[in-house]
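Participant: Shown below is the structure under consideration.
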Amino acid sequence: MARKDEGYKKTTRIVHGAARTARWDYSHHVVPPLTASTTFRLESVARGARGFTEFGSFRSEETAEPVYIYDRLDEPTRGLLESQVAAMEGADFCLAFASGMAAVSASLGAVLTAGDEVVAHTLIYGCTHSLLTNWYPRLGIKVKRADFTDLKAVAKAIGPRTRALYFESPVNPTLDLVDLRGVAELARRASKGRRRRVLSVIDSTFATPFCQRPIEHGIDLVVHSLTKNIGGFGTEIGGAVCGPKDLFPDVMGYRKDFGGVLSPKAAWNILVYGVPTIPLRIKRQQYTALQVARWLESQPLVEEVRYPGLDNFPQRALALKQMRDFDGGFAPGNMIYFRLDPRRASGARFVDHVAKHAYCVTLAVSLGHTKTLIEMPSAMTHSAYAGSGPMREHGGIRLSIGLESPVDIIRDLSASLKAVSRRK
Ligand SMILES: Cc1ncc(COP(=O)(O)O)c(C=O)c1O
């Protein structure tokens, strides 16, 4: 049964929390059990009726004995993961989806209807860009783009039909930051009661709840690709939407009917391996990222390095303000974006060389992995922009730092830089 976790640090609670929930009594297990039952015995029509009546209404973690009906609606292993992620984010609820994109589309799909408008940052993950540009017009949802690093531009873009402000911070792949409090305040001011509510929605995948908790800054909905840092080992695809209890019925109802629910088997891996190791992994990766970013900065072939942990990061003050870990330490994350000087070396040739010769840097999309991954967003993850708009001038390279020694990551990058230098 639930035991009090008050006064314990978040780092401790994410290791033990799942064993102490009222959601499900398995107090004799040390590791939460993995359930694999698509359907649940209801015992009586009355109990079945209670399950269906209660489904979709928000239940606090204190409420014991939820009536489980069917996996797609709600189920215990996934529910335990959801409790853990909600607790990390400081959200009333978390709902887990089959992928990050299922979570992105639910965060907006659950609150928008035809005729509504969403204002989105100019640069977002390629598939989210594709969702907004290729699919939303077909559904009668208007999409306006604005530069979210400029709050005045966002304020100007908000119109009478705006219902959501959508962005990432740090932005994939450039690592620009958006002022969370600023956007939350714009959404609050633009809202006219419950009937004309403007929601702020962030995809916080790059940061993880360890590095940033947007709800503390007033943001309404937080989206994650669980595939990345939260899963952490590169074995599961998943997504999550976290938010306030009044939005729970919409997001839960959307998941039930659109059906993109996370499988309990994937949830169990993320719950047992991913979540408890987040602080350990990210702290180590941040240490390494700073070494690698500083080394990149010192390389004559490298024109620009962006990492929020660098002293000269253009939005350093904002990074220090909103990227904080569970214990209040600065948490700039594990992602680096850099560009080579095109007169001295080609970025594509460099990445190709890494792909062929490096031992511990792998050319692959995705991020937040135990292994260091490198890719060229303009040609890969952000190809939906087709070299236009904000991706027009970016021949940049994205590096997701893994758990290897910084010495070895630098060794591999250094060998490839030397090999592709135009001046030897
Ligand atoms: C910032 C961001 N959001 C969402 C997604 C989509 O996640 P998934 O691949 O789990 O659908 C990605 C994937 O790379 C991402 O980088």
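Residues are referred to by chain and number: the chain letter is A, B, ... according to the order shown in the structure tokens, the number counts from 1 in that chain, and ligands are numbered separately from 1 in the order shown.
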Using only C-alpha atoms, which residues sit within 10 Å of region 412-417 of chain A once same-chain residues fewer than 4 positions away are excluded, as a PDB file with all heavy atoms, in the first residue's frame?
Facilitator:
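Resulting contents of out.pdb:
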```pdb
ATOM      1  N   VAL A 292      33.268  17.835 -24.494  1.00  0.00           N
ATOM      2  CA  VAL A 292      33.254  17.729 -25.957  1.00  0.00           C
ATOM      3  C   VAL A 292      32.963  19.103 -26.574  1.00  0.00           C
ATOM      4  O   VAL A 292      33.612  19.509 -27.545  1.00  0.00           O
ATOM      5  CB  VAL A 292      32.207  16.676 -26.421  1.00  0.00           C
ATOM      6  CG1 VAL A 292      32.066  16.663 -27.935  1.00  0.00           C
ATOM      7  CG2 VAL A 292      32.576  15.287 -25.909  1.00  0.00           C
ATOM      8  N   TRP A 295      36.012  21.270 -26.377  1.00  0.00           N
ATOM      9  CA  TRP A 295      37.009  20.814 -27.347  1.00  0.00           C
ATOM     10  C   TRP A 295      36.613  21.261 -28.764  1.00  0.00           C
ATOM     11  O   TRP A 295      37.459  21.769 -29.514  1.00  0.00           O
ATOM     12  CB  TRP A 295      37.142  19.286 -27.284  1.00  0.00           C
ATOM     13  CG  TRP A 295      38.050  18.777 -28.348  1.00  0.00           C
ATOM     14  CD1 TRP A 295      39.415  18.753 -28.332  1.00  0.00           C
ATOM     15  CD2 TRP A 295      37.647  18.279 -29.627  1.00  0.00           C
ATOM     16  NE1 TRP A 295      39.880  18.261 -29.524  1.00  0.00           N
ATOM     17  CE2 TRP A 295      38.820  17.968 -30.339  1.00  0.00           C
ATOM     18  CE3 TRP A 295      36.404  18.062 -30.240  1.00  0.00           C
ATOM     19  CZ2 TRP A 295      38.794  17.447 -31.631  1.00  0.00           C
ATOM     20  CZ3 TRP A 295      36.375  17.553 -31.517  1.00  0.00           C
ATOM     21  CH2 TRP A 295      37.559  17.244 -32.199  1.00  0.00           C
ATOM     22  N   LEU A 296      35.322  21.083 -29.104  1.00  0.00           N
ATOM     23  CA  LEU A 296      34.863  21.506 -30.442  1.00  0.00           C
ATOM     24  C   LEU A 296      35.137  22.994 -30.646  1.00  0.00           C
ATOM     25  O   LEU A 296      35.593  23.423 -31.708  1.00  0.00           O
ATOM     26  CB  LEU A 296      33.358  21.226 -30.605  1.00  0.00           C
ATOM     27  CG  LEU A 296      32.951  19.787 -30.909  1.00  0.00           C
ATOM     28  CD1 LEU A 296      31.442  19.606 -30.761  1.00  0.00           C
ATOM     29  CD2 LEU A 296      33.387  19.354 -32.321  1.00  0.00           C
ATOM     30  N   GLN A 299      38.498  24.020 -31.968  1.00  0.00           N
ATOM     31  CA  GLN A 299      38.929  23.490 -33.259  1.00  0.00           C
ATOM     32  C   GLN A 299      38.777  24.530 -34.374  1.00  0.00           C
ATOM     33  O   GLN A 299      37.675  25.033 -34.589  1.00  0.00           O
ATOM     34  CB  GLN A 299      38.106  22.237 -33.623  1.00  0.00           C
ATOM     35  CG  GLN A 299      38.257  21.094 -32.650  1.00  0.00           C
ATOM     36  CD  GLN A 299      39.712  20.718 -32.453  1.00  0.00           C
ATOM     37  OE1 GLN A 299      40.393  20.342 -33.392  1.00  0.00           O
ATOM     38  NE2 GLN A 299      40.215  20.857 -31.226  1.00  0.00           N
ATOM     39  N   PRO A 300      39.860  24.829 -35.104  1.00  0.00           N
ATOM     40  CA  PRO A 300      39.779  25.851 -36.163  1.00  0.00           C
ATOM     41  C   PRO A 300      38.748  25.500 -37.249  1.00  0.00           C
ATOM     42  O   PRO A 300      38.170  26.408 -37.854  1.00  0.00           O
ATOM     43  CB  PRO A 300      41.188  25.877 -36.754  1.00  0.00           C
ATOM     44  CG  PRO A 300      42.057  25.112 -35.825  1.00  0.00           C
ATOM     45  CD  PRO A 300      41.208  24.294 -34.927  1.00  0.00           C
ATOM     46  N   LEU A 301      38.494  24.222 -37.484  1.00  0.00           N
ATOM     47  CA  LEU A 301      37.533  23.839 -38.531  1.00  0.00           C
ATOM     48  C   LEU A 301      36.082  24.053 -38.102  1.00  0.00           C
ATOM     49  O   LEU A 301      35.167  23.970 -38.912  1.00  0.00           O
ATOM     50  CB  LEU A 301      37.710  22.355 -38.880  1.00  0.00           C
ATOM     51  CG  LEU A 301      38.547  22.024 -40.111  1.00  0.00           C
ATOM     52  CD1 LEU A 301      39.943  22.571 -39.981  1.00  0.00           C
ATOM     53  CD2 LEU A 301      38.583  20.519 -40.320  1.00  0.00           C
ATOM     54  N   VAL A 302      35.877  24.264 -36.807  1.00  0.00           N
ATOM     55  CA  VAL A 302      34.506  24.390 -36.293  1.00  0.00           C
ATOM     56  C   VAL A 302      34.133  25.870 -36.201  1.00  0.00           C
ATOM     57  O   VAL A 302      34.818  26.656 -35.563  1.00  0.00           O
ATOM     58  CB  VAL A 302      34.389  23.702 -34.909  1.00  0.00           C
ATOM     59  CG1 VAL A 302      32.997  23.899 -34.317  1.00  0.00           C
ATOM     60  CG2 VAL A 302      34.712  22.217 -35.032  1.00  0.00           C
ATOM     61  N   LEU A 340      30.607  23.188 -39.067  1.00  0.00           N
ATOM     62  CA  LEU A 340      31.985  23.347 -39.540  1.00  0.00           C
ATOM     63  C   LEU A 340      32.065  24.582 -40.427  1.00  0.00           C
ATOM     64  O   LEU A 340      31.049  25.014 -40.991  1.00  0.00           O
ATOM     65  CB  LEU A 340      32.411  22.110 -40.339  1.00  0.00           C
ATOM     66  CG  LEU A 340      32.345  20.767 -39.607  1.00  0.00           C
ATOM     67  CD1 LEU A 340      32.955  19.662 -40.478  1.00  0.00           C
ATOM     68  CD2 LEU A 340      33.068  20.840 -38.264  1.00  0.00           C
ATOM     69  N   ALA A 345      35.964  22.661 -44.377  1.00  0.00           N
ATOM     70  CA  ALA A 345      35.565  21.242 -44.362  1.00  0.00           C
ATOM     71  C   ALA A 345      34.071  21.111 -44.618  1.00  0.00           C
ATOM     72  O   ALA A 345      33.292  21.987 -44.226  1.00  0.00           O
ATOM     73  CB  ALA A 345      35.903  20.621 -43.008  1.00  0.00           C
ATOM     74  N   SER A 346      33.691  20.035 -45.282  1.00  0.00           N
ATOM     75  CA  SER A 346      32.262  19.789 -45.523  1.00  0.00           C
ATOM     76  C   SER A 346      31.669  18.987 -44.358  1.00  0.00           C
ATOM     77  O   SER A 346      32.235  17.949 -43.966  1.00  0.00           O
ATOM     78  CB  SER A 346      32.113  19.018 -46.839  1.00  0.00           C
ATOM     79  OG  SER A 346      31.062  18.074 -46.741  1.00  0.00           O
ATOM     80  N   GLY A 347      30.547  19.467 -43.836  1.00  0.00           N
ATOM     81  CA  GLY A 347      29.878  18.782 -42.723  1.00  0.00           C
ATOM     82  C   GLY A 347      29.469  17.370 -43.105  1.00  0.00           C
ATOM     83  O   GLY A 347      29.653  16.418 -42.336  1.00  0.00           O
ATOM     84  N   ARG A 349      30.781  15.408 -45.400  1.00  0.00           N
ATOM     85  CA  ARG A 349      31.955  14.519 -45.529  1.00  0.00           C
ATOM     86  C   ARG A 349      32.463  14.105 -44.148  1.00  0.00           C
ATOM     87  O   ARG A 349      32.870  12.965 -43.927  1.00  0.00           O
ATOM     88  CB  ARG A 349      33.073  15.227 -46.303  1.00  0.00           C
ATOM     89  CG  ARG A 349      32.875  15.122 -47.822  1.00  0.00           C
ATOM     90  CD  ARG A 349      34.158  15.477 -48.568  1.00  0.00           C
ATOM     91  NE  ARG A 349      35.278  14.635 -48.211  1.00  0.00           N
ATOM     92  CZ  ARG A 349      36.545  15.063 -48.082  1.00  0.00           C
ATOM     93  NH1 ARG A 349      36.841  16.327 -48.297  1.00  0.00           N
ATOM     94  NH2 ARG A 349      37.503  14.227 -47.756  1.00  0.00           N
ATOM     95  N   PHE A 350      32.404  15.063 -43.214  1.00  0.00           N
ATOM     96  CA  PHE A 350      32.839  14.774 -41.843  1.00  0.00           C
ATOM     97  C   PHE A 350      31.959  13.665 -41.231  1.00  0.00           C
ATOM     98  O   PHE A 350      32.464  12.678 -40.689  1.00  0.00           O
ATOM     99  CB  PHE A 350      32.777  16.060 -41.010  1.00  0.00           C
ATOM    100  CG  PHE A 350      32.916  15.839 -39.532  1.00  0.00           C
ATOM    101  CD1 PHE A 350      34.138  15.481 -38.983  1.00  0.00           C
ATOM    102  CD2 PHE A 350      31.816  15.986 -38.685  1.00  0.00           C
ATOM    103  CE1 PHE A 350      34.265  15.269 -37.605  1.00  0.00           C
ATOM    104  CE2 PHE A 350      31.936  15.778 -37.326  1.00  0.00           C
ATOM    105  CZ  PHE A 350      33.165  15.411 -36.786  1.00  0.00           C
ATOM    106  N   VAL A 351      30.637  13.843 -41.355  1.00  0.00           N
ATOM    107  CA  VAL A 351      29.721  12.850 -40.756  1.00  0.00           C
ATOM    108  C   VAL A 351      29.895  11.486 -41.446  1.00  0.00           C
ATOM    109  O   VAL A 351      29.886  10.439 -40.782  1.00  0.00           O
ATOM    110  CB  VAL A 351      28.256  13.346 -40.804  1.00  0.00           C
ATOM    111  CG1 VAL A 351      27.294  12.275 -40.299  1.00  0.00           C
ATOM    112  CG2 VAL A 351      28.091  14.621 -39.979  1.00  0.00           C
ATOM    113  N   ASP A 352      30.093  11.507 -42.758  1.00  0.00           N
ATOM    114  CA  ASP A 352      30.340  10.241 -43.468  1.00  0.00           C
ATOM    115  C   ASP A 352      31.608   9.560 -42.961  1.00  0.00           C
ATOM    116  O   ASP A 352      31.653   8.333 -42.803  1.00  0.00           O
ATOM    117  CB  ASP A 352      30.497  10.493 -44.984  1.00  0.00           C
ATOM    118  CG  ASP A 352      29.140  10.589 -45.665  1.00  0.00           C
ATOM    119  OD1 ASP A 352      28.135  10.162 -45.050  1.00  0.00           O
ATOM    120  OD2 ASP A 352      29.083  11.103 -46.794  1.00  0.00           O
ATOM    121  N   HIS A 353      32.623  10.373 -42.706  1.00  0.00           N
ATOM    122  CA  HIS A 353      33.884   9.797 -42.217  1.00  0.00           C
ATOM    123  C   HIS A 353      33.681   9.167 -40.842  1.00  0.00           C
ATOM    124  O   HIS A 353      34.155   8.060 -40.561  1.00  0.00           O
ATOM    125  CB  HIS A 353      34.990  10.865 -42.176  1.00  0.00           C
ATOM    126  CG  HIS A 353      36.346  10.279 -41.936  1.00  0.00           C
ATOM    127  ND1 HIS A 353      36.812   9.984 -40.667  1.00  0.00           N
ATOM    128  CD2 HIS A 353      37.307   9.867 -42.808  1.00  0.00           C
ATOM    129  CE1 HIS A 353      38.017   9.443 -40.772  1.00  0.00           C
ATOM    130  NE2 HIS A 353      38.347   9.353 -42.050  1.00  0.00           N
ATOM    131  N   VAL A 354      32.925   9.898 -39.970  1.00  0.00           N
ATOM    132  CA  VAL A 354      32.607   9.361 -38.638  1.00  0.00           C
ATOM    133  C   VAL A 354      31.874   8.022 -38.802  1.00  0.00           C
ATOM    134  O   VAL A 354      32.199   7.018 -38.146  1.00  0.00           O
ATOM    135  CB  VAL A 354      31.743  10.367 -37.830  1.00  0.00           C
ATOM    136  CG1 VAL A 354      31.213   9.717 -36.554  1.00  0.00           C
ATOM    137  CG2 VAL A 354      32.532  11.628 -37.501  1.00  0.00           C
ATOM    138  N   ALA A 355      30.877   8.013 -39.702  1.00  0.00           N
ATOM    139  CA  ALA A 355      30.063   6.798 -39.893  1.00  0.00           C
ATOM    140  C   ALA A 355      30.929   5.606 -40.276  1.00  0.00           C
ATOM    141  O   ALA A 355      30.696   4.482 -39.837  1.00  0.00           O
ATOM    142  CB  ALA A 355      29.002   7.050 -40.965  1.00  0.00           C
ATOM    143  N   LYS A 356      31.949   5.858 -41.094  1.00  0.00           N
ATOM    144  CA  LYS A 356      32.786   4.744 -41.589  1.00  0.00           C
ATOM    145  C   LYS A 356      33.882   4.343 -40.612  1.00  0.00           C
ATOM    146  O   LYS A 356      34.229   3.178 -40.517  1.00  0.00           O
ATOM    147  CB  LYS A 356      33.458   5.165 -42.894  1.00  0.00           C
ATOM    148  CG  LYS A 356      32.567   4.996 -44.092  1.00  0.00           C
ATOM    149  CD  LYS A 356      33.400   4.735 -45.372  1.00  0.00           C
ATOM    150  CE  LYS A 356      32.509   4.785 -46.578  1.00  0.00           C
ATOM    151  NZ  LYS A 356      32.261   6.146 -47.047  1.00  0.00           N
ATOM    152  N   HIS A 357      34.443   5.335 -39.880  1.00  0.00           N
ATOM    153  CA  HIS A 357      35.686   5.032 -39.153  1.00  0.00           C
ATOM    154  C   HIS A 357      35.582   5.092 -37.635  1.00  0.00           C
ATOM    155  O   HIS A 357      36.442   4.528 -36.958  1.00  0.00           O
ATOM    156  CB  HIS A 357      36.789   5.997 -39.618  1.00  0.00           C
ATOM    157  CG  HIS A 357      37.066   5.894 -41.077  1.00  0.00           C
ATOM    158  ND1 HIS A 357      37.854   4.903 -41.618  1.00  0.00           N
ATOM    159  CD2 HIS A 357      36.620   6.630 -42.124  1.00  0.00           C
ATOM    160  CE1 HIS A 357      37.892   5.045 -42.942  1.00  0.00           C
ATOM    161  NE2 HIS A 357      37.150   6.089 -43.271  1.00  0.00           N
ATOM    162  N   ALA A 358      34.592   5.815 -37.093  1.00  0.00           N
ATOM    163  CA  ALA A 358      34.577   6.003 -35.631  1.00  0.00           C
ATOM    164  C   ALA A 358      34.187   4.708 -34.926  1.00  0.00           C
ATOM    165  O   ALA A 358      33.377   3.928 -35.441  1.00  0.00           O
ATOM    166  CB  ALA A 358      33.606   7.108 -35.258  1.00  0.00           C
ATOM    167  N   TYR A 359      34.753   4.499 -33.743  1.00  0.00           N
ATOM    168  CA  TYR A 359      34.381   3.327 -32.937  1.00  0.00           C
ATOM    169  C   TYR A 359      33.196   3.654 -32.032  1.00  0.00           C
ATOM    170  O   TYR A 359      32.281   2.845 -31.879  1.00  0.00           O
ATOM    171  CB  TYR A 359      35.589   2.890 -32.084  1.00  0.00           C
ATOM    172  CG  TYR A 359      35.238   1.839 -31.051  1.00  0.00           C
ATOM    173  CD1 TYR A 359      34.960   0.531 -31.450  1.00  0.00           C
ATOM    174  CD2 TYR A 359      35.173   2.158 -29.701  1.00  0.00           C
ATOM    175  CE1 TYR A 359      34.620  -0.430 -30.517  1.00  0.00           C
ATOM    176  CE2 TYR A 359      34.841   1.202 -28.758  1.00  0.00           C
ATOM    177  CZ  TYR A 359      34.558  -0.097 -29.171  1.00  0.00           C
ATOM    178  OH  TYR A 359      34.221  -1.037 -28.246  1.00  0.00           O
ATOM    179  N   CYS A 360      33.193   4.855 -31.425  1.00  0.00           N
ATOM    180  CA  CYS A 360      32.175   5.103 -30.390  1.00  0.00           C
ATOM    181  C   CYS A 360      31.234   6.261 -30.713  1.00  0.00           C
ATOM    182  O   CYS A 360      30.486   6.692 -29.853  1.00  0.00           O
ATOM    183  CB  CYS A 360      32.839   5.284 -29.025  1.00  0.00           C
ATOM    184  SG  CYS A 360      33.798   6.765 -28.857  1.00  0.00           S
ATOM    185  N   VAL A 361      31.242   6.758 -31.941  1.00  0.00           N
ATOM    186  CA  VAL A 361      30.253   7.760 -32.365  1.00  0.00           C
ATOM    187  C   VAL A 361      29.523   7.163 -33.564  1.00  0.00           C
ATOM    188  O   VAL A 361      30.144   6.799 -34.552  1.00  0.00           O
ATOM    189  CB  VAL A 361      30.920   9.108 -32.742  1.00  0.00           C
ATOM    190  CG1 VAL A 361      29.862  10.137 -33.135  1.00  0.00           C
ATOM    191  CG2 VAL A 361      31.768   9.634 -31.587  1.00  0.00           C
ATOM    192  N   VAL A 407      37.100  11.328 -23.546  1.00  0.00           N
ATOM    193  CA  VAL A 407      38.395  11.208 -24.248  1.00  0.00           C
ATOM    194  C   VAL A 407      38.202  10.437 -25.559  1.00  0.00           C
ATOM    195  O   VAL A 407      38.739  10.805 -26.608  1.00  0.00           O
ATOM    196  CB  VAL A 407      39.414  10.468 -23.336  1.00  0.00           C
ATOM    197  CG1 VAL A 407      40.707  10.172 -24.066  1.00  0.00           C
ATOM    198  CG2 VAL A 407      39.652  11.269 -22.068  1.00  0.00           C
ATOM    199  N   ASP A 408      37.410   9.388 -25.511  1.00  0.00           N
ATOM    200  CA  ASP A 408      37.225   8.561 -26.713  1.00  0.00           C
ATOM    201  C   ASP A 408      36.313   9.221 -27.741  1.00  0.00           C
ATOM    202  O   ASP A 408      36.525   9.080 -28.947  1.00  0.00           O
ATOM    203  CB  ASP A 408      36.676   7.186 -26.313  1.00  0.00           C
ATOM    204  CG  ASP A 408      37.729   6.361 -25.589  1.00  0.00           C
ATOM    205  OD1 ASP A 408      38.936   6.564 -25.877  1.00  0.00           O
ATOM    206  OD2 ASP A 408      37.366   5.547 -24.730  1.00  0.00           O
ATOM    207  N   SER A 421      39.724  17.756 -43.358  1.00  0.00           N
ATOM    208  CA  SER A 421      40.213  19.141 -43.469  1.00  0.00           C
ATOM    209  C   SER A 421      40.697  19.408 -44.909  1.00  0.00           C
ATOM    210  O   SER A 421      41.412  18.598 -45.485  1.00  0.00           O
ATOM    211  CB  SER A 421      41.353  19.359 -42.479  1.00  0.00           C
ATOM    212  OG  SER A 421      41.951  20.593 -42.752  1.00  0.00           O
ATOM    213  N   ARG A 422      40.289  20.557 -45.444  1.00  0.00           N
ATOM    214  CA  ARG A 422      40.729  20.884 -46.809  1.00  0.00           C
ATOM    215  C   ARG A 422      42.166  21.387 -46.839  1.00  0.00           C
ATOM    216  O   ARG A 422      42.754  21.518 -47.882  1.00  0.00           O
ATOM    217  CB  ARG A 422      39.804  21.941 -47.410  1.00  0.00           C
ATOM    218  CG  ARG A 422      38.427  21.355 -47.675  1.00  0.00           C
ATOM    219  CD  ARG A 422      37.555  22.260 -48.513  1.00  0.00           C
ATOM    220  NE  ARG A 422      36.370  21.534 -48.869  1.00  0.00           N
ATOM    221  CZ  ARG A 422      35.129  21.877 -48.569  1.00  0.00           C
ATOM    222  NH1 ARG A 422      34.898  22.990 -47.918  1.00  0.00           N
ATOM    223  NH2 ARG A 422      34.107  21.128 -48.914  1.00  0.00           N
TER     224      ARG A 422
END
```
Participant: Applying 7 Å and only C-alpha atoms, which residues near region 240-250 of chain A remain after dropping the ones on its own chain fewer than 4 positions away? List them as a PyMOL selection string.
Facilitator: chain A and resi 56-58+86+91-97+100+103+107+110+220-226+254
Participant: What would the file look like if the residues just selected were written as an mmCIF file, in the first residue's frame with N, CA and C atoms?
Facilitator:
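Okay, this is what ended up in result.cif:
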```
data_model
loop_
_atom_site.group_PDB
_atom_site.id
_atom_site.type_symbol
_atom_site.label_atom_id
_atom_site.label_comp_id
_atom_site.auth_asym_id
_atom_site.auth_seq_id
_atom_site.Cartn_x
_atom_site.Cartn_y
_atom_site.Cartn_z
ATOM 1 N N GLY A 56 -12.023 8.021 -17.506
ATOM 2 C CA GLY A 56 -11.919 9.368 -18.086
ATOM 3 C C GLY A 56 -12.023 10.463 -17.059
ATOM 4 N N SER A 57 -12.445 10.111 -15.821
ATOM 5 C CA SER A 57 -12.426 11.185 -14.823
ATOM 6 C C SER A 57 -11.124 11.075 -14.029
ATOM 7 N N PHE A 58 -10.606 12.208 -13.672
ATOM 8 C CA PHE A 58 -9.300 12.243 -13.021
ATOM 9 C C PHE A 58 -9.368 11.579 -11.647
ATOM 10 N N ALA A 86 4.619 11.692 -14.048
ATOM 11 C CA ALA A 86 3.838 12.836 -13.530
ATOM 12 C C ALA A 86 4.526 13.425 -12.302
ATOM 13 N N ALA A 91 3.299 17.221 -12.450
ATOM 14 C CA ALA A 91 2.012 17.335 -13.158
ATOM 15 C C ALA A 91 0.937 16.565 -12.412
ATOM 16 N N ASP A 92 -0.338 16.949 -12.620
ATOM 17 C CA ASP A 92 -1.436 16.167 -12.035
ATOM 18 C C ASP A 92 -1.507 14.793 -12.685
ATOM 19 N N PHE A 93 -1.300 14.762 -14.019
ATOM 20 C CA PHE A 93 -1.388 13.472 -14.698
ATOM 21 C C PHE A 93 -0.299 13.343 -15.763
ATOM 22 N N CYS A 94 0.003 12.098 -16.085
ATOM 23 C CA CYS A 94 0.802 11.775 -17.267
ATOM 24 C C CYS A 94 0.074 10.643 -17.970
ATOM 25 N N LEU A 95 -0.028 10.716 -19.275
ATOM 26 C CA LEU A 95 -0.567 9.599 -20.045
ATOM 27 C C LEU A 95 0.475 9.185 -21.077
ATOM 28 N N ALA A 96 0.698 7.869 -21.183
ATOM 29 C CA ALA A 96 1.774 7.380 -22.039
ATOM 30 C C ALA A 96 1.216 6.890 -23.374
ATOM 31 N N PHE A 97 1.939 7.219 -24.427
ATOM 32 C CA PHE A 97 1.507 6.938 -25.798
ATOM 33 C C PHE A 97 2.506 6.008 -26.498
ATOM 34 N N GLY A 100 6.562 9.196 -29.355
ATOM 35 C CA GLY A 100 6.588 10.634 -29.091
ATOM 36 C C GLY A 100 5.615 11.369 -30.003
ATOM 37 N N ALA A 103 2.170 11.223 -28.847
ATOM 38 C CA ALA A 103 1.960 12.164 -27.735
ATOM 39 C C ALA A 103 1.849 13.593 -28.241
ATOM 40 N N SER A 107 -1.436 15.878 -27.730
ATOM 41 C CA SER A 107 -1.412 17.107 -26.922
ATOM 42 C C SER A 107 -2.173 18.217 -27.633
ATOM 43 N N ALA A 110 -6.196 16.739 -28.748
ATOM 44 C CA ALA A 110 -7.185 16.643 -27.671
ATOM 45 C C ALA A 110 -7.818 17.997 -27.359
ATOM 46 N N ASP A 220 1.177 24.727 -19.571
ATOM 47 C CA ASP A 220 0.011 23.867 -19.345
ATOM 48 C C ASP A 220 0.290 22.389 -19.632
ATOM 49 N N LEU A 221 0.792 22.092 -20.830
ATOM 50 C CA LEU A 221 0.987 20.691 -21.211
ATOM 51 C C LEU A 221 2.443 20.440 -21.598
ATOM 52 N N VAL A 222 2.972 19.325 -21.121
ATOM 53 C CA VAL A 222 4.362 18.964 -21.414
ATOM 54 C C VAL A 222 4.369 17.630 -22.145
ATOM 55 N N VAL A 223 5.071 17.599 -23.281
ATOM 56 C CA VAL A 223 5.152 16.390 -24.096
ATOM 57 C C VAL A 223 6.579 15.847 -24.050
ATOM 58 N N HIS A 224 6.696 14.514 -24.039
ATOM 59 C CA HIS A 224 8.018 13.889 -24.155
ATOM 60 C C HIS A 224 7.966 12.763 -25.170
ATOM 61 N N SER A 225 9.064 12.598 -25.894
ATOM 62 C CA SER A 225 9.289 11.330 -26.565
ATOM 63 C C SER A 225 10.015 10.469 -25.534
ATOM 64 N N LEU A 226 9.335 9.433 -25.026
ATOM 65 C CA LEU A 226 9.967 8.536 -24.034
ATOM 66 C C LEU A 226 11.069 7.703 -24.675
ATOM 67 N N TYR A 254 -9.031 11.066 -25.879
ATOM 68 C CA TYR A 254 -8.357 11.066 -27.182
ATOM 69 C C TYR A 254 -7.538 9.784 -27.348
#
```
Participant: Mind running chain A against ligand 1 at 9 Å and telling me each contacting residue's nearest atom pair with the distance in Å (one decimal), counting only C-alpha atoms and all ligand atoms, chain and number ascending, as a Markdown table?
Facilitator:
```
| residue | atom | partner | partner_atom_place_in_ligand_line | distance |
| --- | --- | --- | --- | --- |
| A:Ala98 | CA | ligand 1 | 10 (O) | 7.8 |
| A:Ser99 | CA | ligand 1 | 10 (O) | 4.1 |
| A:Gly100 | CA | ligand 1 | 7 (O) | 3.4 |
| A:Met101 | CA | ligand 1 | 11 (O) | 3.8 |
| A:Ala102 | CA | ligand 1 | 11 (O) | 6.5 |
| A:Ala103 | CA | ligand 1 | 11 (O) | 7.8 |
| A:Val104 | CA | ligand 1 | 4 (C) | 6.8 |
| A:Ile124 | CA | ligand 1 | 1 (C) | 7.2 |
| A:Tyr125 | CA | ligand 1 | 1 (C) | 5.2 |
| A:Gly126 | CA | ligand 1 | 15 (C) | 8.1 |
| A:Cys127 | CA | ligand 1 | 6 (C) | 7.1 |
| A:Thr128 | CA | ligand 1 | 4 (C) | 7.1 |
| A:Glu168 | CA | ligand 1 | 1 (C) | 6.8 |
| A:Ser169 | CA | ligand 1 | 1 (C) | 8.7 |
| A:Pro170 | CA | ligand 1 | 1 (C) | 8.6 |
| A:Val171 | CA | ligand 1 | 1 (C) | 7.3 |
| A:Asn172 | CA | ligand 1 | 1 (C) | 5.6 |
| A:Pro173 | CA | ligand 1 | 16 (O) | 8.1 |
| A:Asp203 | CA | ligand 1 | 3 (N) | 6.0 |
| A:Ser204 | CA | ligand 1 | 1 (C) | 7.0 |
| A:Thr205 | CA | ligand 1 | 1 (C) | 5.1 |
| A:Phe206 | CA | ligand 1 | 1 (C) | 6.1 |
| A:Val223 | CA | ligand 1 | 3 (N) | 7.9 |
| A:His224 | CA | ligand 1 | 3 (N) | 6.6 |
| A:Ser225 | CA | ligand 1 | 10 (O) | 4.4 |
| A:Leu226 | CA | ligand 1 | 10 (O) | 6.2 |
| A:Thr227 | CA | ligand 1 | 10 (O) | 4.8 |
| A:Lys228 | CA | ligand 1 | 10 (O) | 7.1 |
| A:Glu236 | CA | ligand 1 | 10 (O) | 8.6 |
| A:Ile237 | CA | ligand 1 | 10 (O) | 5.2 |
| A:Gly238 | CA | ligand 1 | 10 (O) | 5.2 |
| A:Gly239 | CA | ligand 1 | 10 (O) | 5.8 |
| A:Val365 | CA | ligand 1 | 14 (O) | 7.2 |
| A:Ser366 | CA | ligand 1 | 14 (O) | 5.1 |
| A:Leu367 | CA | ligand 1 | 14 (O) | 7.0 |
| A:Thr381 | CA | ligand 1 | 14 (O) | 6.9 |
```
Participant: From region 168-411 of chain A, collect each residue whose DSSP state is strand (DSSP E or B) and return the set as a ChimeraX atom specification.
Facilitator: /A:168,192,196,199-203,221-225,239-243,261,302-306,324,330,335-340,361-363,372-375,397-400
